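Shown below: my_file.cif, with mmCIF, C-alpha atoms and all ligand atoms.
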data_upload
loop_
_atom_site.label_atom_id
_atom_site.label_comp_id
_atom_site.auth_asym_id
_atom_site.auth_seq_id
_atom_site.Cartn_x
_atom_site.Cartn_y
_atom_site.Cartn_z
CA MET A 1 0.00 0.00 0.00
CA THR A 2 1.23 3.48 -0.78
CA THR A 3 -1.43 5.48 1.04
CA ASP A 4 1.15 6.60 3.65
CA LEU A 5 1.72 9.84 1.78
CA LEU A 6 -1.96 10.69 2.11
CA ASP A 7 -2.14 9.95 5.82
CA SER A 8 -2.41 13.00 7.97
CA VAL A 9 -2.00 12.74 11.68
CA LEU A 10 -3.97 14.96 14.05
CA LEU A 11 -1.93 15.78 17.15
CA GLN A 12 -3.60 19.00 18.28
CA THR A 13 -7.08 20.29 17.66
CA ASP A 14 -7.55 23.96 16.91
CA PHE A 15 -11.09 25.17 16.42
CA PRO A 16 -11.10 28.96 16.62
CA GLY A 17 -14.22 30.25 18.33
CA LEU A 18 -15.02 26.99 20.16
CA GLU A 19 -14.63 26.73 23.91
CA LEU A 20 -12.43 23.91 25.20
CA PHE A 21 -14.23 21.94 27.92
CA ALA A 22 -11.57 19.38 28.78
CA SER A 23 -8.43 18.00 27.28
CA GLY A 24 -6.99 14.57 28.00
CA LYS A 25 -3.92 12.70 26.89
CA VAL A 26 -5.68 11.63 23.72
CA ARG A 27 -8.97 13.50 23.36
CA ASP A 28 -10.08 17.11 23.32
CA VAL A 29 -13.62 18.02 24.31
CA TYR A 30 -15.38 21.26 23.32
CA ARG A 31 -18.44 22.82 24.88
CA LEU A 32 -21.37 23.54 22.57
CA GLY A 33 -23.94 25.63 24.35
CA SER A 34 -25.03 24.39 27.76
CA ASP A 35 -26.33 20.94 26.74
CA HIS A 36 -23.86 19.48 24.28
CA LEU A 37 -20.19 18.52 24.02
CA LEU A 38 -18.03 17.74 21.01
CA PHE A 39 -15.58 14.89 21.62
CA VAL A 40 -12.61 14.84 19.26
CA ALA A 41 -10.22 11.90 19.25
CA THR A 42 -6.74 12.93 18.13
CA ASP A 43 -4.04 10.53 16.93
CA ARG A 44 -2.01 11.03 20.09
CA ILE A 45 -0.82 7.88 21.86
CA SER A 46 0.32 7.45 25.42
CA ALA A 47 2.66 4.83 26.78
CA PHE A 48 3.98 4.45 30.30
CA ASP A 49 1.78 7.42 31.25
CA TYR A 50 3.19 9.90 28.76
CA VAL A 51 1.94 11.19 25.43
CA LEU A 52 4.57 10.42 22.82
CA ALA A 53 5.89 12.94 20.31
CA THR A 54 4.63 10.91 17.34
CA GLY A 55 1.00 10.36 16.38
CA ILE A 56 -0.51 7.12 15.11
CA PRO A 57 -2.29 7.50 11.76
CA GLN A 58 -6.02 6.58 12.01
CA LYS A 59 -5.93 6.04 15.77
CA GLY A 60 -8.51 8.73 16.54
CA ARG A 61 -10.83 7.34 13.88
CA VAL A 62 -10.45 3.80 15.15
CA LEU A 63 -11.21 4.78 18.75
CA THR A 64 -14.21 6.88 17.78
CA GLN A 65 -15.65 4.25 15.46
CA ILE A 66 -15.17 1.47 18.01
CA SER A 67 -17.16 3.51 20.54
CA LEU A 68 -19.88 4.14 17.95
CA PHE A 69 -20.06 0.41 17.21
CA TRP A 70 -20.54 -0.41 20.90
CA PHE A 71 -23.08 2.36 21.53
CA ASP A 72 -25.22 0.80 18.81
CA PHE A 73 -24.58 -2.80 19.93
CA LEU A 74 -25.53 -1.89 23.52
CA ARG A 75 -28.54 0.30 22.74
CA ASP A 76 -30.99 -2.17 24.33
CA VAL A 77 -28.88 -2.48 27.50
CA VAL A 78 -28.24 1.17 28.37
CA PRO A 79 -28.99 4.67 27.06
CA ASN A 80 -25.86 6.52 25.89
CA HIS A 81 -24.79 10.13 25.46
CA LEU A 82 -24.29 10.01 21.68
CA ILE A 83 -26.41 12.45 19.68
CA THR A 84 -24.68 12.03 16.33
CA ALA A 85 -21.29 11.47 14.71
CA GLY A 86 -22.61 12.69 11.36
CA THR A 87 -20.80 15.95 10.64
CA ASN A 88 -23.64 17.00 8.32
CA GLN A 89 -25.87 17.10 11.36
CA TYR A 90 -23.47 19.12 13.49
CA PRO A 91 -24.44 22.68 14.40
CA ALA A 92 -23.17 25.37 12.00
CA GLU A 93 -20.43 26.61 14.34
CA VAL A 94 -18.68 23.23 14.17
CA ARG A 95 -19.71 22.09 10.69
CA GLN A 96 -17.15 24.53 9.30
CA PHE A 97 -14.49 22.16 10.71
CA ALA A 98 -16.09 19.03 9.23
CA ASN A 99 -12.97 18.04 7.30
CA GLN A 100 -11.00 17.72 10.54
CA LEU A 101 -13.87 16.14 12.47
CA ARG A 102 -15.18 13.50 10.06
CA GLY A 103 -14.86 9.99 11.45
CA ARG A 104 -13.11 11.07 14.63
CA SER A 105 -15.71 13.08 16.55
CA MET A 106 -19.00 12.72 18.36
CA LEU A 107 -21.63 15.24 19.36
CA VAL A 108 -22.87 14.15 22.78
CA GLN A 109 -25.43 15.10 25.37
CA ARG A 110 -24.03 16.77 28.43
CA ALA A 111 -24.67 14.70 31.56
CA GLU A 112 -24.29 15.08 35.30
CA MET A 113 -21.33 12.75 35.73
CA PHE A 114 -20.95 10.26 38.56
CA PRO A 115 -17.58 10.80 40.29
CA VAL A 116 -16.40 7.18 39.91
CA GLU A 117 -14.76 5.05 37.28
CA CYS A 118 -16.83 1.91 36.77
CA VAL A 119 -14.26 -0.80 36.09
CA VAL A 120 -15.12 -4.40 35.23
CA ARG A 121 -12.50 -7.13 35.19
CA GLY A 122 -12.96 -10.52 33.59
CA TYR A 123 -9.25 -11.40 33.88
CA LEU A 124 -6.58 -10.73 36.47
CA SER A 125 -4.21 -8.04 35.23
CA GLY A 126 -2.73 -4.65 36.04
CA SER A 127 -3.70 -3.17 39.41
CA GLY A 128 -6.13 -6.06 39.97
CA TRP A 129 -3.30 -8.59 39.79
CA LYS A 130 -1.15 -6.39 42.07
CA GLU A 131 -3.85 -6.19 44.71
CA TYR A 132 -4.66 -9.91 44.47
CA LYS A 133 -1.01 -10.83 45.00
CA ALA A 134 -0.91 -8.53 48.04
CA ASN A 135 -4.14 -9.60 49.81
CA GLY A 136 -6.16 -12.11 47.75
CA ASN A 137 -8.90 -9.55 47.03
CA VAL A 138 -9.63 -7.00 44.33
CA CYS A 139 -11.57 -3.95 45.51
CA GLY A 140 -13.28 -6.02 48.20
CA ASN A 141 -14.12 -8.90 45.83
CA LYS A 142 -12.89 -12.10 47.49
CA LEU A 143 -11.27 -14.35 44.89
CA PRO A 144 -10.21 -18.00 44.97
CA SER A 145 -6.59 -18.63 45.90
CA GLY A 146 -4.01 -19.80 43.39
CA LEU A 147 -5.04 -17.61 40.44
CA ARG A 148 -2.26 -16.76 38.01
CA GLU A 149 -1.50 -13.44 36.32
CA SER A 150 -3.89 -12.83 33.37
CA GLU A 151 -6.12 -15.75 34.40
CA GLN A 152 -9.84 -15.56 33.67
CA LEU A 153 -11.87 -14.92 36.82
CA PRO A 154 -14.67 -17.33 37.84
CA GLU A 155 -17.00 -14.46 36.92
CA PRO A 156 -16.46 -10.80 36.02
CA ILE A 157 -16.08 -8.46 39.00
CA PHE A 158 -16.91 -4.79 39.50
CA THR A 159 -13.88 -2.85 40.78
CA PRO A 160 -14.69 0.87 41.02
CA ALA A 161 -12.03 3.57 41.24
CA THR A 162 -12.01 7.22 42.15
CA LYS A 163 -11.29 9.75 39.42
CA ALA A 164 -8.03 11.36 40.42
CA ALA A 165 -7.79 14.88 38.96
CA THR A 166 -4.10 14.24 38.47
CA GLY A 167 -2.03 11.11 38.82
CA HIS A 168 -3.54 7.68 39.12
CA ASP A 169 -7.06 6.54 39.90
CA GLU A 170 -7.41 4.77 43.22
CA ASN A 171 -9.20 1.45 43.47
CA ILE A 172 -12.02 1.47 46.02
CA SER A 173 -14.50 -1.05 47.37
CA PHE A 174 -18.20 -1.00 46.49
CA GLU A 175 -18.80 0.07 50.08
CA GLN A 176 -16.49 3.08 49.62
CA MET A 177 -18.27 3.87 46.36
CA THR A 178 -21.56 4.20 48.22
CA ARG A 179 -20.06 7.13 50.14
CA LEU A 180 -19.42 8.95 46.85
CA VAL A 181 -22.61 7.90 45.02
CA ASP A 182 -26.13 7.29 46.31
CA PRO A 183 -26.24 3.54 47.18
CA GLN A 184 -29.21 2.88 44.92
CA ASP A 185 -27.38 4.55 42.00
CA ALA A 186 -24.20 2.65 42.94
CA ARG A 187 -26.03 -0.68 42.66
CA GLN A 188 -27.46 0.34 39.31
CA LEU A 189 -24.03 1.43 38.04
CA ARG A 190 -22.52 -1.88 39.16
CA ASP A 191 -25.27 -3.99 37.60
CA LEU A 192 -25.19 -2.00 34.34
CA SER A 193 -21.40 -2.20 34.15
CA LEU A 194 -21.44 -5.98 34.57
CA ALA A 195 -24.26 -6.41 32.03
CA ILE A 196 -22.50 -4.21 29.45
CA TYR A 197 -19.17 -5.99 29.93
CA SER A 198 -20.72 -9.44 29.64
CA LYS A 199 -22.57 -8.68 26.43
CA ALA A 200 -19.61 -6.88 24.81
CA ALA A 201 -16.91 -9.32 25.95
CA ALA A 202 -18.92 -12.25 24.54
CA LEU A 203 -19.13 -10.57 21.12
CA ALA A 204 -15.44 -9.66 21.18
CA ARG A 205 -14.49 -13.22 22.16
CA GLU A 206 -16.39 -14.57 19.14
CA LYS A 207 -14.22 -12.26 17.03
CA GLY A 208 -11.00 -13.50 18.61
CA ILE A 209 -10.46 -10.61 21.03
CA ILE A 210 -10.34 -10.95 24.81
CA ILE A 211 -11.48 -7.82 26.61
CA ALA A 212 -9.62 -8.46 29.85
CA ASP A 213 -11.00 -5.42 31.64
CA THR A 214 -12.58 -2.07 30.89
CA LYS A 215 -13.55 1.25 32.40
CA PHE A 216 -16.94 2.92 31.96
CA GLU A 217 -18.10 6.39 32.89
CA PHE A 218 -21.74 7.18 33.45
CA GLY A 219 -23.77 10.32 33.91
CA ARG A 220 -27.37 11.23 34.49
CA THR A 221 -29.45 12.72 31.68
CA ALA A 222 -33.19 13.04 31.05
CA ALA A 223 -33.03 9.39 29.91
CA GLY A 224 -31.77 8.28 33.34
CA ILE A 225 -28.39 6.68 34.00
CA THR A 226 -26.53 7.11 30.72
CA LEU A 227 -23.34 5.54 29.35
CA ALA A 228 -20.91 8.37 28.54
CA ASP A 229 -17.30 8.89 27.49
CA GLU A 230 -15.66 6.41 25.12
CA VAL A 231 -16.62 2.77 25.46
CA LEU A 232 -14.75 -0.48 25.18
CA THR A 233 -11.85 0.90 23.17
CA PRO A 234 -8.23 -0.22 23.40
CA ASP A 235 -7.56 3.02 25.35
CA SER A 236 -10.21 2.30 28.00
CA SER A 237 -9.74 -1.48 28.09
CA ARG A 238 -7.18 -4.23 27.78
CA PHE A 239 -7.65 -5.96 24.42
CA TRP A 240 -5.73 -9.23 24.05
CA PRO A 241 -5.52 -11.37 20.91
CA ALA A 242 -7.28 -14.61 21.95
CA ASP A 243 -5.05 -16.84 19.82
CA LYS A 244 -1.99 -15.72 21.79
CA TYR A 245 -3.62 -15.91 25.24
CA SER A 246 -1.37 -17.63 27.75
CA PRO A 247 -2.14 -17.18 31.46
CA GLY A 248 0.67 -17.13 34.01
CA MET A 249 2.37 -14.06 32.57
CA ALA A 250 1.63 -10.53 31.39
CA GLN A 251 -0.13 -10.53 27.99
CA GLN A 252 0.84 -8.58 24.90
CA SER A 253 -1.60 -5.80 24.21
CA PHE A 254 -3.41 -5.88 20.88
CA ASP A 255 -2.46 -2.34 19.98
CA LYS A 256 0.56 -0.90 21.83
CA GLN A 257 3.03 -3.74 21.72
CA TYR A 258 5.35 -2.31 19.04
CA VAL A 259 5.40 0.99 20.91
CA ARG A 260 6.22 -0.55 24.28
CA ASP A 261 8.83 -2.86 22.74
CA PHE A 262 10.53 0.10 21.06
CA LEU A 263 10.53 2.18 24.25
CA GLU A 264 12.02 -0.70 26.23
CA GLU A 265 14.59 -1.33 23.51
CA ILE A 266 15.87 2.27 23.58
CA ARG A 267 15.81 2.12 27.39
CA TRP A 268 13.82 5.33 27.78
CA ASN A 269 13.91 6.33 31.46
CA LYS A 270 10.12 6.97 31.34
CA LEU A 271 10.54 10.61 32.25
CA PRO A 272 9.66 13.53 29.99
CA PRO A 273 10.27 14.40 27.25
CA ALA A 274 8.69 11.30 25.74
CA PRO A 275 10.59 10.16 22.65
CA ALA A 276 9.42 10.14 19.05
CA LEU A 277 8.67 6.83 17.35
CA PRO A 278 10.38 5.56 14.19
CA ALA A 279 8.03 5.81 11.18
CA GLU A 280 7.95 2.00 10.96
CA VAL A 281 6.75 1.62 14.56
CA ALA A 282 4.03 4.24 14.02
CA ARG A 283 2.93 2.58 10.77
CA LYS A 284 2.78 -0.93 12.24
CA THR A 285 0.90 0.36 15.28
CA SER A 286 -1.61 2.10 13.03
CA GLU A 287 -2.15 -1.19 11.22
CA LYS A 288 -2.85 -2.92 14.55
CA TYR A 289 -5.53 -0.37 15.47
CA VAL A 290 -7.20 -0.62 12.07
CA GLU A 291 -7.02 -4.41 12.26
CA ALA A 292 -8.62 -4.39 15.73
CA TYR A 293 -11.49 -2.34 14.31
CA ARG A 294 -11.95 -4.72 11.36
CA GLN A 295 -11.71 -7.84 13.46
CA LEU A 296 -14.17 -6.59 16.06
CA THR A 297 -16.76 -5.00 13.81
CA GLY A 298 -16.32 -6.82 10.50
CA ARG A 299 -16.46 -3.37 8.89
CA GLU A 300 -13.92 -1.17 7.16
CA LEU A 301 -12.94 2.02 8.91
CA ASP A 302 -14.60 5.20 7.56
CA VAL A 303 -11.68 7.42 6.52
C1 LIG B 401 -18.75 14.68 30.57
C2 LIG B 401 -20.62 16.00 30.88
O1 LIG B 401 -13.84 14.97 29.17
C3 LIG B 401 -13.38 13.96 29.60
O2 LIG B 401 -12.24 13.53 29.14
C4 LIG B 401 -11.65 14.38 28.18
C5 LIG B 401 -10.39 13.98 27.75
C6 LIG B 401 -14.05 13.17 30.64
N1 LIG B 401 -15.29 13.79 30.96
C7 LIG B 401 -16.43 13.70 30.29
C8 LIG B 401 -17.37 14.45 30.92
C9 LIG B 401 -19.48 13.89 29.68
C10 LIG B 401 -18.93 12.76 29.06
N2 LIG B 401 -18.47 11.84 28.57
C11 LIG B 401 -20.82 14.23 29.42
N3 LIG B 401 -21.60 13.53 28.56
N4 LIG B 401 -21.34 15.29 30.04
N5 LIG B 401 -19.36 15.73 31.16
C12 LIG B 401 -16.73 14.99 32.01
N6 LIG B 401 -15.45 14.57 32.00
#

Give the structure from the file, written as structure tokens.
Amino acid sequence: MTTDLLDSVLLQTDFPGLELFASGKVRDVYRLGSDHLLFVATDRISAFDYVLATGIPQKGRVLTQISLFWFDFLRDVVPNHLITAGTNQYPAEVRQFANQLRGRSMLVQRAEMFPVECVVRGYLSGSGWKEYKANGNVCGNKLPSGLRESEQLPEPIFTPATKAATGHDENISFEQMTRLVDPQDARQLRDLSLAIYSKAAALAREKGIIIADTKFEFGRTAAGITLADEVLTPDSSRFWPADKYSPGMAQQSFDKQYVRDFLEEIRWNKLPPAPALPAEVARKTSEKYVEAYRQLTGRELDV
């Protein structure tokens, strides 16, 4: 393929006249009036907690279109904040930027957000594995002894976390969650999170992808408790290729493996400034994201 020359990577958004609402490592969110937000997924990539100097072609489109796929797949399970991703339907003040927004943005309903990250784990990895090794529990969920790293749990567990303004989210128990969120809402958030994970993870597994764990964010809208943010993407979840699954060790991630391997190889000290990636690493990583989209959805990415 020789489309590389046509690829353009979006690292920073710049929409004169729009008001920035929030900016994350990867996404920029703009405020549209009092009721709506415009989510824009850039091609930025983070690794070891830092945004790298090099963007990944198509990454923002892949993440956006994976979320759109899940919002539709989950429509009978939970209302979501999506209004439209069709740039033709965007309000005039943003439609002027349609060429930058197409395929990588969503117009969403503003919600009253719950101040917790709703994490579901089907497999033992990351901070869940750390906590299990230390005390045999994960966020107050008692687990059988003798589980190995990356092992599938007897059933998926709900492991909420607080949203740290800066630094890392802190795992909390369900009991601690009920001090931050009305207990009746907390039970609903837990039950919804588990139902969403189960339905989505089953579909992904049929397509050869293990969703080891994932983080949801919910808010309240006129429709009730509403699924917000991005959903079930490689940035909010651990995606593992099922054909390479091998419990008892850390698993290779579907998407970021070339990036992590490169950063380990150059022995980056994991302090800023984050290095740039060789073109080959960026290109192969882009292919992994696009492949994840194809494999999961059976569709071609809209570019
Ligand atoms: C939010 C009101 O903006 C965020 O991350 C940016 C990188 C996270 N965040 C989202 C909201 C949402 C959503 N989603 C919504 N529908 N309504 N606020 C707040 N923080």

Checklist entry - Out of A:Arg61, A:Lys215, A:Lys256, A:Arg102, which residue has the shortest atom-to-atom distance to Ala161 (chain A) when counting all atoms listed in the file? => result A:Lys215

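Taking all atoms listed in the file into account, Thr233 (chain A) lies nearest to A:Val62 out of the set A:Val62, A:Ile157, A:Val120, A:Leu180.
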
Within 12 Å of Asp261 (chain A), counting all atoms listed in the file, which residues show up once you throw out same-chain ones fewer than 6 positions away? Write them as a compact mmCIF listing (two decimals) with C-alpha atoms, in the frame of the given file, please.
# COMPACT_ATOMS: atom_id res chain seq x y z
CA ALA A 47 2.66 4.83 26.78
CA PHE A 48 3.98 4.45 30.30
CA GLN A 252 0.84 -8.58 24.90
CA SER A 253 -1.60 -5.80 24.21
CA ASP A 255 -2.46 -2.34 19.98
CA ARG A 267 15.81 2.12 27.39
CA TRP A 268 13.82 5.33 27.78
CA LEU A 277 8.67 6.83 17.35
CA VAL A 281 6.75 1.62 14.56
CA THR A 285 0.90 0.36 15.28

Tell me, as a PDB file with C-alpha atoms, keeping the file's coordinate frame, which residues lie within 9 Å of Ser46 (chain A), counting all atoms listed in the file; anything in the same chain fewer than 4 positions away does not count.
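Once everything was written out, this is result-v1.pdb:
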ATOM      1  CA  LYS A  25      -3.920  12.700  26.890  1.00  0.00           C
ATOM      2  CA  VAL A  26      -5.680  11.630  23.720  1.00  0.00           C
ATOM      3  CA  TYR A  50       3.190   9.900  28.760  1.00  0.00           C
ATOM      4  CA  VAL A  51       1.940  11.190  25.430  1.00  0.00           C
ATOM      5  CA  LEU A  52       4.570  10.420  22.820  1.00  0.00           C
TER       6      LEU A  52
END

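When all atoms listed in the file are used to measure the gap to Arg31 (chain A), the shortest distance among A:Ala186, A:Cys139, A:Val94, A:Leu271 belongs to A:Val94.
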
Checklist outcome for this item: What separates atom N5 of ligand LIG 401 (chain B) and CA of His168 (chain A) is a distance of 19.5 Å

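When all atoms listed in the file are used to compute distances to Arg238 (chain A), the closest of the residues A:Glu19, A:Glu93, A:Glu206, A:Asp213 turns out to be A:Asp213.
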
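CA of Val40 (chain A) sits 6.0 Å away from CA of Arg104 (chain A).
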
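CA of Glu300 (chain A) is positioned 28.7 Å from CA of Arg121 (chain A).
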
As a quick test: using all atoms listed in the file, which residues lie no more than 12 Å away from ligand LIG 401 (chain B)? Give them as an mmCIF file with C-alpha atoms, in the frame of the given file.
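Here's the written file out.cif:
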data_model
loop_
_atom_site.group_PDB
_atom_site.id
_atom_site.type_symbol
_atom_site.label_atom_id
_atom_site.label_comp_id
_atom_site.auth_asym_id
_atom_site.auth_seq_id
_atom_site.Cartn_x
_atom_site.Cartn_y
_atom_site.Cartn_z
ATOM 1 C CA LEU A 20 -12.430 23.910 25.200
ATOM 2 C CA PHE A 21 -14.230 21.940 27.920
ATOM 3 C CA ALA A 22 -11.570 19.380 28.780
ATOM 4 C CA SER A 23 -8.430 18.000 27.280
ATOM 5 C CA GLY A 24 -6.990 14.570 28.000
ATOM 6 C CA LYS A 25 -3.920 12.700 26.890
ATOM 7 C CA VAL A 26 -5.680 11.630 23.720
ATOM 8 C CA ARG A 27 -8.970 13.500 23.360
ATOM 9 C CA ASP A 28 -10.080 17.110 23.320
ATOM 10 C CA VAL A 29 -13.620 18.020 24.310
ATOM 11 C CA TYR A 30 -15.380 21.260 23.320
ATOM 12 C CA ARG A 31 -18.440 22.820 24.880
ATOM 13 C CA LEU A 32 -21.370 23.540 22.570
ATOM 14 C CA SER A 34 -25.030 24.390 27.760
ATOM 15 C CA ASP A 35 -26.330 20.940 26.740
ATOM 16 C CA HIS A 36 -23.860 19.480 24.280
ATOM 17 C CA LEU A 37 -20.190 18.520 24.020
ATOM 18 C CA LEU A 38 -18.030 17.740 21.010
ATOM 19 C CA PHE A 39 -15.580 14.890 21.620
ATOM 20 C CA VAL A 40 -12.610 14.840 19.260
ATOM 21 C CA ALA A 41 -10.220 11.900 19.250
ATOM 22 C CA THR A 42 -6.740 12.930 18.130
ATOM 23 C CA ARG A 44 -2.010 11.030 20.090
ATOM 24 C CA SER A 67 -17.160 3.510 20.540
ATOM 25 C CA PRO A 79 -28.990 4.670 27.060
ATOM 26 C CA ASN A 80 -25.860 6.520 25.890
ATOM 27 C CA HIS A 81 -24.790 10.130 25.460
ATOM 28 C CA LEU A 82 -24.290 10.010 21.680
ATOM 29 C CA ILE A 83 -26.410 12.450 19.680
ATOM 30 C CA MET A 106 -19.000 12.720 18.360
ATOM 31 C CA LEU A 107 -21.630 15.240 19.360
ATOM 32 C CA VAL A 108 -22.870 14.150 22.780
ATOM 33 C CA GLN A 109 -25.430 15.100 25.370
ATOM 34 C CA ARG A 110 -24.030 16.770 28.430
ATOM 35 C CA ALA A 111 -24.670 14.700 31.560
ATOM 36 C CA GLU A 112 -24.290 15.080 35.300
ATOM 37 C CA MET A 113 -21.330 12.750 35.730
ATOM 38 C CA PHE A 114 -20.950 10.260 38.560
ATOM 39 C CA PRO A 115 -17.580 10.800 40.290
ATOM 40 C CA VAL A 116 -16.400 7.180 39.910
ATOM 41 C CA GLU A 117 -14.760 5.050 37.280
ATOM 42 C CA LYS A 163 -11.290 9.750 39.420
ATOM 43 C CA ALA A 164 -8.030 11.360 40.420
ATOM 44 C CA ALA A 165 -7.790 14.880 38.960
ATOM 45 C CA PHE A 216 -16.940 2.920 31.960
ATOM 46 C CA GLU A 217 -18.100 6.390 32.890
ATOM 47 C CA PHE A 218 -21.740 7.180 33.450
ATOM 48 C CA GLY A 219 -23.770 10.320 33.910
ATOM 49 C CA ARG A 220 -27.370 11.230 34.490
ATOM 50 C CA THR A 221 -29.450 12.720 31.680
ATOM 51 C CA ALA A 222 -33.190 13.040 31.050
ATOM 52 C CA ILE A 225 -28.390 6.680 34.000
ATOM 53 C CA THR A 226 -26.530 7.110 30.720
ATOM 54 C CA LEU A 227 -23.340 5.540 29.350
ATOM 55 C CA ALA A 228 -20.910 8.370 28.540
ATOM 56 C CA ASP A 229 -17.300 8.890 27.490
ATOM 57 C CA GLU A 230 -15.660 6.410 25.120
ATOM 58 C CA VAL A 231 -16.620 2.770 25.460
ATOM 59 C CA ASP A 235 -7.560 3.020 25.350
ATOM 60 C CA SER A 236 -10.210 2.300 28.000
#

Checklist entry - Neighbours of Gln188 (chain A) within 12 Å (only C-alpha atoms; same-chain residues fewer than 3 positions away dropped), as an MDAnalysis selection string? => result chainID A and resid 78 114 118 158 174 178 181:185 191:196 218:220 224:227

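Compared by their closest atoms to Asp43 (chain A), and using only C-alpha atoms, the residues A:Ser286, A:Ala204, A:Ala98, A:Ser173 rank with A:Ser286 nearest.
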
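The shortest atom-to-atom distance to Gln65 (chain A), with all atoms listed in the file taken into account, belongs to A:Leu232 out of A:Ala201, A:Val77, A:Leu232, A:Ala250.
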
Checklist entry - Can you list, as a count of residues only, every protein, DNA or RNA residue that comes within 12 Å of Phe254 (chain A) when you count only C-alpha atoms, leaving out same-chain residues fewer than 5 positions away? => result 31

Checklist entry - Quick one: residues within 8 Å of Gly55 (chain A), only C-alpha atoms counted, chain neighbours fewer than 5 positions away excluded, as a ChimeraX atom specification? => result /A:9-11,43-45,282

Kindly compute an axis-aligned box around the listed atoms of region 231-236 of chain A, allowing 6 Å on each side, and express its centre and edge lengths in Å to one decimal as JSON.
{"center_x": -12.1, "center_y": 1.3, "center_z": 25.6, "size_x": 21.1, "size_y": 15.5, "size_z": 16.8}
